[in-house]
Amino acid sequence: MSALVRTATVAYSGLRMFLNKLQSPLLLAIRLYWGWQFATDGWGKLHNLNRVGLYFETLNLPMPHQTALFVSIVEFVGGILLAVGFGTRLVALVLFINMTVAFWTAEKDAFLGVLSSPDKFQGADAYNYWFAALLIMILGPGLFALDTPIAFRLSPPVRAMHSAVSSIRTIFKQR
């Protein structure tokens, strides 16, 4: 029995290690796909600002035409930044808030039906965008993002190493 448990434990550990290696490629795929979707939606809104503003009027949003411009820019620029992985968690937070407001204003019944009517909640237009932004906001961009080398360069251990190397160089240059 212990051999069977040991084999299962080793197999599970191997599977876990393999699946952990797929996390960054999956996050990259999510960022690329949903970043593209956000950017194209924002681009479309930018080219139809009057129509979007009129739609926002029907939702009783304050300053509907200015809000349309703001939302369009947030989605367009945010989508590009999400796709390349720059400022990813902050961008995902802004997009998540944007989609929460969109969900609340345009599909309030679906948003409030998260527990009572999950099919309606998941079937709402804003749901996939909302969930993708939430996922990236919580899990981060993964390794294949512009944030990764920047974070590595700015991390305290790396800064300490650069400082130590710089100090050593200074000492040897003086001799």
# chains A, B, ... in the order shown; residues from 1 in each chain; ligands from 1
>>> residues_around(residues="His47 (chain A)", least_positions_apart="5", cutoff="10 Å", atoms="only C-alpha atoms", output="ChimeraX atom specification")
/A:41-42,52,69,72
>>> residues_around(residues="region 76-85 of chain A", least_positions_apart="3", cutoff="8 Å", atoms="only C-alpha atoms", output="PyMOL selection string")
chain A and resi 28+31-43+72-73+88+91-92+94-95+141+144-147
>>> atom_distance(atom1="CA of Leu134 (chain A)", atom2="CA of Phe96 (chain A)")
6.0 Å
>>> residues_around(residues="Leu59 (chain A)", least_positions_apart="6", cutoff="12 Å", atoms="only C-alpha atoms", output="PyMOL selection string")
chain A and resi 52-53+65+67-68+101-108
>>> write_last_selection(atoms="C-alpha atoms", output="compact mmCIF listing (two decimals), in the first residue's frame")
# COMPACT_ATOMS: atom_id res chain seq x y z
CA VAL A 52 -21.59 55.39 -27.88
CA GLY A 53 -22.36 58.71 -26.18
CA HIS A 65 -20.14 61.84 -24.39
CA THR A 67 -17.62 59.16 -20.51
CA ALA A 68 -17.72 57.51 -23.93
CA VAL A 101 -19.40 49.62 -14.18
CA ALA A 102 -20.40 48.40 -17.65
CA PHE A 103 -21.85 45.22 -16.16
CA TRP A 104 -23.73 47.20 -13.48
CA THR A 105 -25.13 49.87 -15.80
CA ALA A 106 -25.92 47.86 -18.94
CA GLU A 107 -26.77 44.44 -17.48
CA LYS A 108 -27.66 45.07 -13.84
>>> closest_residue(among="A:Ser2, A:Lys21, A:Thr9, A:Gly140", to="Phe86 (chain A)", atoms="only C-alpha atoms")
A:Gly140
>>> atom_distance(atom1="CA of Ala133 (chain A)", atom2="CA of Leu15 (chain A)")
27.5 Å
>>> atom_distance(atom1="CA of Ala29 (chain A)", atom2="CA of Gly87 (chain A)")
17.0 Å
>>> select_by_dssp(residues="region 113-142 of chain A", states="alpha helix (DSSP H)", output="PyMOL selection string")
chain A and resi 118-123+127-139
>>> closest_residue(among="A:Ser155, A:Ser13, A:Thr100, A:Gln66", to="Leu49 (chain A)", atoms="only C-alpha atoms")
A:Gln66
